[in-house]
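Colleague: Just protein15.cif, nothing more (mmCIF, C-alpha atoms):
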data_my_file
#
loop_
_atom_site.group_PDB
_atom_site.id
_atom_site.type_symbol
_atom_site.label_atom_id
_atom_site.label_comp_id
_atom_site.auth_asym_id
_atom_site.auth_seq_id
_atom_site.Cartn_x
_atom_site.Cartn_y
_atom_site.Cartn_z
ATOM 1 C CA MET Q 1 4.073 13.847 29.773
ATOM 2 C CA MET Q 2 6.001 10.957 28.201
ATOM 3 C CA HIS Q 3 5.711 11.021 24.401
ATOM 4 C CA ARG Q 4 6.195 7.994 22.154
ATOM 5 C CA SER Q 5 6.945 8.080 18.434
ATOM 6 C CA GLY Q 6 8.288 5.725 15.824
ATOM 7 C CA PHE Q 7 8.132 4.143 12.394
ATOM 8 C CA VAL Q 8 5.803 1.170 12.002
ATOM 9 C CA ASN Q 9 6.498 -0.576 8.701
ATOM 10 C CA ILE Q 10 4.159 -3.127 7.122
ATOM 11 C CA VAL Q 11 5.697 -5.866 4.954
ATOM 12 C CA GLY Q 12 4.717 -9.273 3.615
ATOM 13 C CA ASN Q 13 3.829 -11.264 0.532
ATOM 14 C CA PRO Q 14 1.422 -9.913 -2.114
ATOM 15 C CA ASN Q 15 -2.306 -9.971 -1.400
ATOM 16 C CA VAL Q 16 -2.126 -10.772 2.322
ATOM 17 C CA GLY Q 17 -4.040 -7.607 3.293
ATOM 18 C CA LYS Q 18 -1.269 -5.122 4.070
ATOM 19 C CA SER Q 19 -3.132 -2.154 2.576
ATOM 20 C CA THR Q 20 -6.386 -3.093 4.311
ATOM 21 C CA LEU Q 21 -4.495 -3.278 7.612
ATOM 22 C CA MET Q 22 -2.754 0.049 6.989
ATOM 23 C CA ASN Q 23 -6.067 1.782 6.320
ATOM 24 C CA ALA Q 24 -7.653 0.182 9.389
ATOM 25 C CA LEU Q 25 -4.808 1.274 11.671
ATOM 26 C CA VAL Q 26 -4.621 4.800 10.264
ATOM 27 C CA GLY Q 27 -8.386 5.276 10.111
ATOM 28 C CA GLU Q 28 -8.134 6.740 6.617
ATOM 29 C CA ARG Q 29 -8.271 5.219 3.143
ATOM 30 C CA LEU Q 30 -4.728 5.951 1.985
ATOM 31 C CA SER Q 31 -3.755 2.710 0.212
ATOM 32 C CA ILE Q 32 -5.806 1.334 -2.661
ATOM 33 C CA ILE Q 33 -7.316 -2.097 -2.102
ATOM 34 C CA THR Q 34 -8.283 -4.657 -4.735
ATOM 35 C CA SER Q 35 -8.315 -8.449 -4.947
ATOM 36 C CA LYS Q 36 -5.425 -8.314 -7.417
ATOM 37 C CA ALA Q 37 -1.838 -8.845 -6.304
ATOM 38 C CA GLN Q 38 0.773 -6.079 -6.698
ATOM 39 C CA THR Q 39 -1.795 -3.339 -6.095
ATOM 40 C CA THR Q 40 0.609 -1.220 -4.028
ATOM 41 C CA ARG Q 41 3.612 0.083 -5.980
ATOM 42 C CA HIS Q 42 5.019 2.739 -3.657
ATOM 43 C CA ARG Q 43 5.896 2.995 0.011
ATOM 44 C CA ILE Q 44 2.938 4.968 1.337
ATOM 45 C CA MET Q 45 3.096 6.702 4.698
ATOM 46 C CA GLY Q 46 0.158 7.240 7.037
ATOM 47 C CA ILE Q 47 0.578 9.209 10.275
ATOM 48 C CA VAL Q 48 -1.545 8.713 13.383
ATOM 49 C CA ASN Q 49 -1.267 11.376 16.075
ATOM 50 C CA GLY Q 50 -2.356 11.488 19.685
ATOM 51 C CA GLU Q 51 -1.559 13.819 22.541
ATOM 52 C CA ASP Q 52 1.243 11.541 23.756
ATOM 53 C CA PHE Q 53 2.212 9.605 20.629
ATOM 54 C CA GLN Q 54 2.875 9.675 16.891
ATOM 55 C CA MET Q 55 2.774 6.468 14.816
ATOM 56 C CA VAL Q 56 4.287 6.720 11.338
ATOM 57 C CA TYR Q 57 2.978 3.757 9.342
ATOM 58 C CA SER Q 58 4.369 2.651 5.970
ATOM 59 C CA ASP Q 59 2.499 0.384 3.577
ATOM 60 C CA THR Q 60 4.827 -1.363 1.116
ATOM 61 C CA PRO Q 61 4.508 -3.427 -2.082
ATOM 62 C CA GLY Q 62 4.183 -7.173 -1.699
ATOM 63 C CA VAL Q 63 7.477 -9.036 -1.725
ATOM 64 C CA LEU Q 64 8.043 -10.768 -5.077
ATOM 65 C CA SER Q 65 10.698 -12.033 -7.468
ATOM 66 C CA PRO Q 66 11.023 -9.143 -9.946
ATOM 67 C CA ASN Q 67 10.555 -9.685 -13.685
ATOM 68 C CA TYR Q 68 11.184 -6.097 -14.822
ATOM 69 C CA ARG Q 69 12.637 -2.858 -13.456
ATOM 70 C CA LEU Q 70 9.385 -1.573 -11.954
ATOM 71 C CA GLN Q 71 9.114 -4.719 -9.839
ATOM 72 C CA GLU Q 72 12.776 -4.347 -8.847
ATOM 73 C CA GLN Q 73 12.008 -0.930 -7.419
ATOM 74 C CA MET Q 74 8.860 -2.209 -5.717
ATOM 75 C CA LEU Q 75 11.039 -4.812 -3.981
ATOM 76 C CA GLU Q 76 13.478 -2.065 -2.945
ATOM 77 C CA PHE Q 77 10.607 -0.162 -1.300
ATOM 78 C CA SER Q 78 9.845 -3.304 0.731
ATOM 79 C CA ARG Q 79 13.494 -3.880 1.637
ATOM 80 C CA SER Q 80 13.886 -0.255 2.737
ATOM 81 C CA ALA Q 81 11.138 -0.842 5.290
ATOM 82 C CA LEU Q 82 13.460 -3.280 7.079
ATOM 83 C CA VAL Q 83 16.056 -0.583 7.651
ATOM 84 C CA ASP Q 84 14.215 2.135 9.575
ATOM 85 C CA ALA Q 85 11.500 0.230 11.449
ATOM 86 C CA ASP Q 86 10.973 0.768 15.154
ATOM 87 C CA VAL Q 87 8.177 -1.798 14.940
ATOM 88 C CA LEU Q 88 7.926 -4.179 11.981
ATOM 89 C CA LEU Q 89 4.572 -5.729 11.095
ATOM 90 C CA TYR Q 90 5.141 -8.878 9.062
ATOM 91 C CA VAL Q 91 1.754 -9.726 7.594
ATOM 92 C CA THR Q 92 0.773 -13.200 6.519
ATOM 93 C CA GLU Q 93 -2.672 -14.746 6.118
ATOM 94 C CA VAL Q 94 -4.339 -18.081 6.678
ATOM 95 C CA GLN Q 95 -3.681 -19.357 3.136
ATOM 96 C CA ASP Q 96 -0.283 -17.726 2.603
ATOM 97 C CA ASN Q 97 2.732 -19.777 1.569
ATOM 98 C CA PRO Q 98 5.576 -18.904 3.987
ATOM 99 C CA ASP Q 99 8.149 -20.372 1.563
ATOM 100 C CA ARG Q 100 7.172 -17.971 -1.224
ATOM 101 C CA ASN Q 101 9.861 -15.407 -0.289
ATOM 102 C CA ALA Q 102 12.135 -17.224 2.107
ATOM 103 C CA ASP Q 103 15.059 -14.816 1.623
ATOM 104 C CA PHE Q 104 12.991 -11.838 2.747
ATOM 105 C CA LEU Q 105 11.613 -13.757 5.731
ATOM 106 C CA ALA Q 106 15.184 -14.654 6.701
ATOM 107 C CA LYS Q 107 15.971 -10.923 6.898
ATOM 108 C CA VAL Q 108 12.950 -10.423 9.160
ATOM 109 C CA LYS Q 109 14.193 -13.236 11.407
ATOM 110 C CA LYS Q 110 17.594 -11.524 11.717
ATOM 111 C CA MET Q 111 15.904 -8.253 12.662
ATOM 112 C CA ALA Q 112 13.861 -9.973 15.356
ATOM 113 C CA ALA Q 113 16.917 -11.777 16.701
ATOM 114 C CA ALA Q 114 18.829 -8.473 16.794
ATOM 115 C CA GLY Q 115 16.169 -6.833 18.953
ATOM 116 C CA THR Q 116 13.779 -5.091 16.555
ATOM 117 C CA ARG Q 117 10.176 -5.386 17.726
ATOM 118 C CA VAL Q 118 8.509 -7.675 15.180
ATOM 119 C CA PHE Q 119 4.778 -8.328 15.252
ATOM 120 C CA LEU Q 120 3.682 -11.346 13.199
ATOM 121 C CA ILE Q 121 0.189 -10.613 11.897
ATOM 122 C CA ILE Q 122 -1.957 -13.575 10.833
ATOM 123 C CA ASN Q 123 -4.668 -11.880 8.767
ATOM 124 C CA LYS Q 124 -8.017 -13.094 7.385
ATOM 125 C CA ILE Q 125 -8.724 -15.367 10.338
ATOM 126 C CA ASP Q 126 -12.435 -15.072 9.544
ATOM 127 C CA LEU Q 127 -11.731 -17.411 6.622
ATOM 128 C CA THR Q 128 -10.411 -20.346 8.660
ATOM 129 C CA THR Q 129 -11.177 -22.613 11.621
ATOM 130 C CA GLN Q 130 -9.925 -22.368 15.166
ATOM 131 C CA GLU Q 131 -7.988 -25.605 14.737
ATOM 132 C CA THR Q 132 -6.164 -24.321 11.646
ATOM 133 C CA LEU Q 133 -5.454 -21.003 13.332
ATOM 134 C CA GLU Q 134 -3.881 -22.751 16.324
ATOM 135 C CA ARG Q 135 -1.619 -24.714 13.970
ATOM 136 C CA LEU Q 136 -0.594 -21.482 12.224
ATOM 137 C CA VAL Q 137 0.205 -19.792 15.542
ATOM 138 C CA ASP Q 138 2.416 -22.741 16.523
ATOM 139 C CA PHE Q 139 4.123 -22.705 13.117
ATOM 140 C CA TRP Q 140 4.893 -18.995 13.198
ATOM 141 C CA HIS Q 141 6.054 -19.136 16.808
ATOM 142 C CA ALA Q 142 8.629 -21.722 15.701
ATOM 143 C CA GLN Q 143 9.620 -19.596 12.689
ATOM 144 C CA LEU Q 144 9.878 -16.292 14.581
ATOM 145 C CA PRO Q 145 10.217 -17.092 18.293
ATOM 146 C CA GLU Q 146 11.066 -13.468 19.184
ATOM 147 C CA ALA Q 147 7.974 -12.077 17.428
ATOM 148 C CA GLU Q 148 4.641 -11.315 19.058
ATOM 149 C CA ILE Q 149 1.782 -12.979 17.161
ATOM 150 C CA PHE Q 150 -1.534 -11.230 16.468
ATOM 151 C CA PRO Q 151 -4.359 -13.139 14.745
ATOM 152 C CA ILE Q 152 -6.666 -10.540 13.157
ATOM 153 C CA SER Q 153 -9.136 -9.796 10.397
ATOM 154 C CA ALA Q 154 -8.286 -6.371 8.997
ATOM 155 C CA GLN Q 155 -11.339 -6.469 6.728
ATOM 156 C CA GLU Q 156 -13.712 -7.184 9.630
ATOM 157 C CA LYS Q 157 -11.720 -4.966 12.060
ATOM 158 C CA PHE Q 158 -11.309 -7.921 14.421
ATOM 159 C CA GLY Q 159 -8.263 -7.570 16.664
ATOM 160 C CA VAL Q 160 -7.206 -4.244 15.115
ATOM 161 C CA VAL Q 161 -7.747 -2.174 18.286
ATOM 162 C CA GLN Q 162 -5.673 -4.594 20.361
ATOM 163 C CA LEU Q 163 -2.922 -4.495 17.726
ATOM 164 C CA PHE Q 164 -3.021 -0.689 17.641
ATOM 165 C CA ASP Q 165 -2.594 -0.510 21.431
ATOM 166 C CA ALA Q 166 0.299 -2.996 21.346
ATOM 167 C CA ILE Q 167 2.070 -0.965 18.650
ATOM 168 C CA LYS Q 168 1.628 2.235 20.641
ATOM 169 C CA ASN Q 169 3.125 0.650 23.746
ATOM 170 C CA ALA Q 170 6.068 -0.718 21.723
ATOM 171 C CA LEU Q 171 7.121 2.681 20.355
ATOM 172 C CA PRO Q 172 10.245 4.254 21.813
ATOM 173 C CA GLU Q 173 10.087 7.503 23.740
ATOM 174 C CA GLY Q 174 10.777 10.570 21.648
ATOM 175 C CA PRO Q 175 9.348 13.696 20.013
ATOM 176 C CA ALA Q 176 7.085 13.723 16.966
ATOM 177 C CA PHE Q 177 8.797 13.400 13.579
ATOM 178 C CA PHE Q 178 6.102 15.320 11.696
ATOM 179 C CA PRO Q 179 3.646 18.131 12.472
ATOM 180 C CA LYS Q 180 0.732 16.782 14.486
ATOM 181 C CA ASP Q 181 -1.818 17.745 11.822
ATOM 182 C CA GLN Q 182 -0.023 15.867 9.018
ATOM 183 C CA LEU Q 183 -1.684 12.687 7.751
ATOM 184 C CA THR Q 184 0.738 11.471 5.076
ATOM 185 C CA ASP Q 185 3.929 12.311 3.179
ATOM 186 C CA LYS Q 186 2.161 12.099 -0.199
ATOM 187 C CA SER Q 187 0.527 14.927 -2.159
ATOM 188 C CA GLU Q 188 -3.095 15.229 -3.252
ATOM 189 C CA ARG Q 189 -1.923 14.578 -6.825
ATOM 190 C CA PHE Q 190 -0.420 11.252 -5.727
ATOM 191 C CA PHE Q 191 -3.714 10.084 -4.260
ATOM 192 C CA VAL Q 192 -5.632 11.210 -7.358
ATOM 193 C CA ASN Q 193 -3.232 9.047 -9.395
ATOM 194 C CA GLU Q 194 -3.823 6.116 -7.044
ATOM 195 C CA ILE Q 195 -7.618 6.446 -7.150
ATOM 196 C CA ILE Q 196 -7.605 6.402 -10.962
ATOM 197 C CA ARG Q 197 -5.217 3.430 -10.990
ATOM 198 C CA GLU Q 198 -7.475 1.589 -8.549
ATOM 199 C CA LYS Q 199 -10.405 1.931 -10.951
ATOM 200 C CA ILE Q 200 -8.226 0.533 -13.736
ATOM 201 C CA LEU Q 201 -7.350 -2.447 -11.529
ATOM 202 C CA LEU Q 202 -11.046 -3.027 -10.884
ATOM 203 C CA ASN Q 203 -12.258 -2.630 -14.478
ATOM 204 C CA TYR Q 204 -9.639 -4.425 -16.574
ATOM 205 C CA ASP Q 205 -8.198 -7.929 -16.560
ATOM 206 C CA LYS Q 206 -4.972 -9.735 -17.436
ATOM 207 C CA GLU Q 207 -1.935 -7.549 -18.094
ATOM 208 C CA ILE Q 208 -3.706 -4.202 -18.583
ATOM 209 C CA PRO Q 209 -3.645 -2.986 -14.924
ATOM 210 C CA TYR Q 210 0.035 -3.884 -14.535
ATOM 211 C CA SER Q 211 1.050 -2.142 -17.769
ATOM 212 C CA VAL Q 212 -0.558 1.160 -16.784
ATOM 213 C CA GLU Q 213 0.757 4.255 -15.028
ATOM 214 C CA VAL Q 214 -1.272 7.387 -14.264
ATOM 215 C CA GLU Q 215 0.003 10.957 -14.209
ATOM 216 C CA VAL Q 216 -1.908 14.096 -13.258
ATOM 217 C CA GLU Q 217 -0.969 16.760 -15.812
ATOM 218 C CA SER Q 218 -2.970 19.623 -14.307
ATOM 219 C CA PHE Q 219 -4.645 20.213 -10.946
ATOM 220 C CA HIS Q 220 -6.446 23.554 -10.664
ATOM 221 C CA GLU Q 221 -8.341 24.253 -7.451
ATOM 222 C CA GLU Q 222 -11.050 26.890 -7.791
ATOM 223 C CA GLU Q 223 -13.511 28.145 -5.186
ATOM 224 C CA ASN Q 224 -16.195 25.533 -5.849
ATOM 225 C CA ILE Q 225 -14.506 22.928 -8.026
ATOM 226 C CA VAL Q 226 -11.173 21.193 -8.698
ATOM 227 C CA ARG Q 227 -10.327 20.738 -12.384
ATOM 228 C CA ILE Q 228 -8.076 17.757 -12.997
ATOM 229 C CA SER Q 229 -6.533 16.466 -16.209
ATOM 230 C CA ALA Q 230 -4.779 13.090 -16.058
ATOM 231 C CA VAL Q 231 -3.117 10.775 -18.544
ATOM 232 C CA ILE Q 232 -3.284 6.983 -18.417
ATOM 233 C CA TYR Q 233 -0.088 5.613 -19.948
ATOM 234 C CA CYS Q 234 0.066 2.065 -21.316
ATOM 235 C CA GLU Q 235 2.776 0.132 -23.154
ATOM 236 C CA ARG Q 236 1.019 -0.938 -26.381
ATOM 237 C CA ASP Q 237 -1.404 0.499 -28.958
ATOM 238 C CA SER Q 238 -3.612 -2.560 -28.471
ATOM 239 C CA GLN Q 239 -3.826 -1.796 -24.734
ATOM 240 C CA LYS Q 240 -4.833 1.782 -25.507
ATOM 241 C CA GLY Q 241 -7.818 0.543 -27.506
ATOM 242 C CA ILE Q 242 -8.934 -1.764 -24.693
ATOM 243 C CA ILE Q 243 -8.662 0.980 -22.072
ATOM 244 C CA ILE Q 244 -10.736 3.397 -24.161
ATOM 245 C CA GLY Q 245 -13.313 0.779 -25.159
ATOM 246 C CA LYS Q 246 -16.025 0.969 -27.791
ATOM 247 C CA ALA Q 247 -17.006 4.605 -28.344
ATOM 248 C CA GLY Q 248 -15.013 5.478 -25.217
ATOM 249 C CA SER Q 249 -17.348 3.516 -22.925
ATOM 250 C CA ALA Q 250 -14.672 1.827 -20.801
ATOM 251 C CA LEU Q 251 -12.730 5.037 -20.208
ATOM 252 C CA LYS Q 252 -15.942 6.888 -19.310
ATOM 253 C CA ARG Q 253 -16.743 4.232 -16.699
ATOM 254 C CA VAL Q 254 -13.294 4.550 -15.131
ATOM 255 C CA GLY Q 255 -13.579 8.353 -15.146
ATOM 256 C CA SER Q 256 -17.007 8.342 -13.519
ATOM 257 C CA GLN Q 257 -15.959 5.946 -10.749
ATOM 258 C CA ALA Q 258 -12.710 7.808 -10.111
ATOM 259 C CA ARG Q 259 -14.372 11.227 -10.033
ATOM 260 C CA LYS Q 260 -16.769 10.124 -7.268
ATOM 261 C CA ASP Q 261 -13.937 8.841 -5.080
ATOM 262 C CA ILE Q 262 -11.764 11.887 -5.762
ATOM 263 C CA GLU Q 263 -14.654 14.161 -4.744
ATOM 264 C CA GLU Q 264 -14.996 12.212 -1.506
ATOM 265 C CA PHE Q 265 -11.241 12.411 -0.902
ATOM 266 C CA LEU Q 266 -10.931 16.147 -1.665
ATOM 267 C CA GLN Q 267 -14.342 17.045 -0.196
ATOM 268 C CA LYS Q 268 -15.023 19.175 -3.246
ATOM 269 C CA LYS Q 269 -16.714 18.913 -6.637
ATOM 270 C CA VAL Q 270 -14.342 17.615 -9.318
ATOM 271 C CA PHE Q 271 -14.191 17.965 -13.082
ATOM 272 C CA LEU Q 272 -11.998 15.103 -14.336
ATOM 273 C CA GLN Q 273 -10.588 14.664 -17.823
ATOM 274 C CA LEU Q 274 -8.820 11.414 -18.734
ATOM 275 C CA PHE Q 275 -6.605 10.772 -21.736
ATOM 276 C CA VAL Q 276 -4.828 7.592 -22.834
ATOM 277 C CA LYS Q 277 -1.336 7.595 -24.338
ATOM 278 C CA VAL Q 278 1.259 4.953 -25.184
ATOM 279 C CA ASP Q 279 4.625 5.004 -23.391
ATOM 280 C CA ARG Q 280 6.341 1.935 -24.797
ATOM 281 C CA ASP Q 281 7.986 -0.405 -22.294
ATOM 282 C CA TRP Q 282 7.971 2.236 -19.557
ATOM 283 C CA ARG Q 283 8.171 -0.461 -16.850
ATOM 284 C CA SER Q 284 11.723 -1.324 -17.997
ATOM 285 C CA ASN Q 285 12.943 2.200 -18.741
ATOM 286 C CA ILE Q 286 14.949 3.762 -15.897
ATOM 287 C CA GLY Q 287 14.343 7.316 -17.101
ATOM 288 C CA ARG Q 288 10.595 6.850 -17.351
ATOM 289 C CA LEU Q 289 10.428 5.105 -13.960
ATOM 290 C CA LYS Q 290 12.194 8.044 -12.325
ATOM 291 C CA HIS Q 291 9.787 10.403 -14.086
ATOM 292 C CA TYR Q 292 6.837 8.490 -12.600
ATOM 293 C CA GLY Q 293 8.304 8.647 -9.084
ATOM 294 C CA TYR Q 294 10.105 5.305 -8.837
ATOM 295 C CA ASP Q 295 13.539 6.532 -7.741
ATOM 296 C CA LEU Q 296 16.089 3.875 -8.653
ATOM 297 C CA SER Q 297 19.105 5.770 -7.289
#
Can you present the structure in this file as structure tokens?

Modeller:
Amino acid sequence: MMHRSGFVNIVGNPNVGKSTLMNALVGERLSIITSKAQTTRHRIMGIVNGEDFQMVYSDTPGVLSPNYRLQEQMLEFSRSALVDADVLLYVTEVQDNPDRNADFLAKVKKMAAAGTRVFLIINKIDLTTQETLERLVDFWHAQLPEAEIFPISAQEKFGVVQLFDAIKNALPEGPAFFPKDQLTDKSERFFVNEIIREKILLNYDKEIPYSVEVEVESFHEEENIVRISAVIYCERDSQKGIIIGKAGSALKRVGSQARKDIEEFLQKKVFLQLFVKVDRDWRSNIGRLKHYGYDLS
């Protein structure tokens, strides 16, 4: 039987729905989703296996002009997705500004012209009219004439099955890259970190979510329960007070919401302890970024 396999990398501007699309294509909730931009910080892999295929998806941070070292590394994760893609999904949406990151789009155009299969995804089509959508299709066809265009709504699952089938058919022939029972390249600890960080994104405003990193300090799996201790690091003492809240109320809310999602993810009862510590200016410190898993080498 012919077997297809390949790397399917998802790139695009912030907040166009890349993580929602990744989760819809993989059929698992691997990437955190919020209405805030810059939610995804890492390149997150999701693997879909069938008897005659293996799709290795990568969700990436939104393309942006970096203001500090963390954002520089986030941009590198996105750029790396241009190097090893068998199929590149460039995601835009009906209200996206195509001029926002023209340099990155120029690299995508070169890839398409050189023969890489590029699928241009117009997301959130449930939020526009047919007339506007037709104009967008014409615009993107002129911008990326070699690309195949797929209007979809990842949130509403409209057009996702057709896109999935097209990706499968575009993969090159070859053996599987990973064991067929593997879902991702990330550890359980990584996803616990991401779930806690998602709750911070949902519960705090302004700079707080972007100044925070989460680290699981202990992860002990017992017969009937998983005991987890995690630290929320922020950059300022004032931020620490906001995260904890009056009498610890804000931190308790984050912990309660995170624990429920972690239990669903691990399929086991969870005891979760959260602590808040200050790690000054960690987003601009190379040593601390490497410690948190942002490899700048």

Colleague: Between Q:Thr92, Q:Thr132, Q:Asn193, Q:Asn169, which residue has the minimum interatomic distance to Ile149 of chain Q, considering only C-alpha atoms?

Modeller: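 Looking at the shortest contact to Ile149 of chain Q, the residue is Q:Thr92.
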
Colleague: Which residues of segment 38-97 of chain Q come within 7 Å of segment 106-129 of chain Q, and what is each one's closest atom pair and distance in Å (one decimal), counting only C-alpha atoms, sorted by chain and residue number, as a tab-separated table?

Modeller:
residue	atom	partner	partner_atom	distance
Q:Asp86	CA	Q:Thr116	CA	6.6
Q:Val87	CA	Q:Arg117	CA	5.0
Q:Leu88	CA	Q:Val118	CA	4.8
Q:Leu89	CA	Q:Phe119	CA	4.9
Q:Tyr90	CA	Q:Leu120	CA	5.0
Q:Val91	CA	Q:Ile121	CA	4.7
Q:Thr92	CA	Q:Ile122	CA	5.1
Q:Glu93	CA	Q:Asn123	CA	4.4
Q:Val94	CA	Q:Lys124	CA	6.2

Colleague: Pull out every residue that the PyMOL selection byres ((chain Q and resi 52) around 10) matches in the shown coordinates and put them as a PyMOL selection string.

Modeller: chain Q and resi 1-5+49-51+53-54+168+173-176

Colleague: Contacts of Cys234 of chain Q at 6 Å or less, counting only C-alpha atoms, minus same-chain residues fewer than 2 places along, as a PyMOL selection string?

Modeller: chain Q and resi 211-212+236+278-279

Colleague: Have a look at Q:Lys186, Q:Gly159, Q:Asp103, Q:Ser153 and name the one nearest to Ser58 of chain Q; count all atoms listed in the file.

Modeller: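 Looking at the shortest contact to Ser58 of chain Q, the residue is Q:Lys186.
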
Colleague: Rank nothing, just name the residue among Q:Gln182, Q:Gln162, Q:Gln155, Q:Asn15 nearest to Gly46 of chain Q, using all atoms listed in the file.

Modeller: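 Looking at the shortest contact to Gly46 of chain Q, the residue is Q:Gln182.
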
Colleague: Could you check how far atom CA of His220 of chain Q sits from atom CA of Leu266 of chain Q, in Å to one decimal?

Modeller: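 Pair atom CA of His220 of chain Q / atom CA of Leu266 of chain Q returns 12.5 Å.
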
Colleague: Between Q:Ile208, Q:Leu201, Q:Val137, Q:Val16, which is the closest to Ala258 of chain Q once you count only C-alpha atoms?

Modeller: Q:Leu201

Colleague: Smallest atom-to-atom distance to Ser284 of chain Q: which of Q:Phe190, Q:Tyr68, Q:Phe219, Q:Phe265, using all atoms listed in the file?

Modeller: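 Among the listed residues, the smallest separation from Ser284 of chain Q belongs to Q:Tyr68.
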
Colleague: Kindly indicate which residue among Q:Asn224, Q:Ser80, Q:Asn67, Q:Ser256 lies nearest to Gln273 of chain Q, using only C-alpha atoms for the distances.

Modeller: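 Closest candidate: Q:Ser256.
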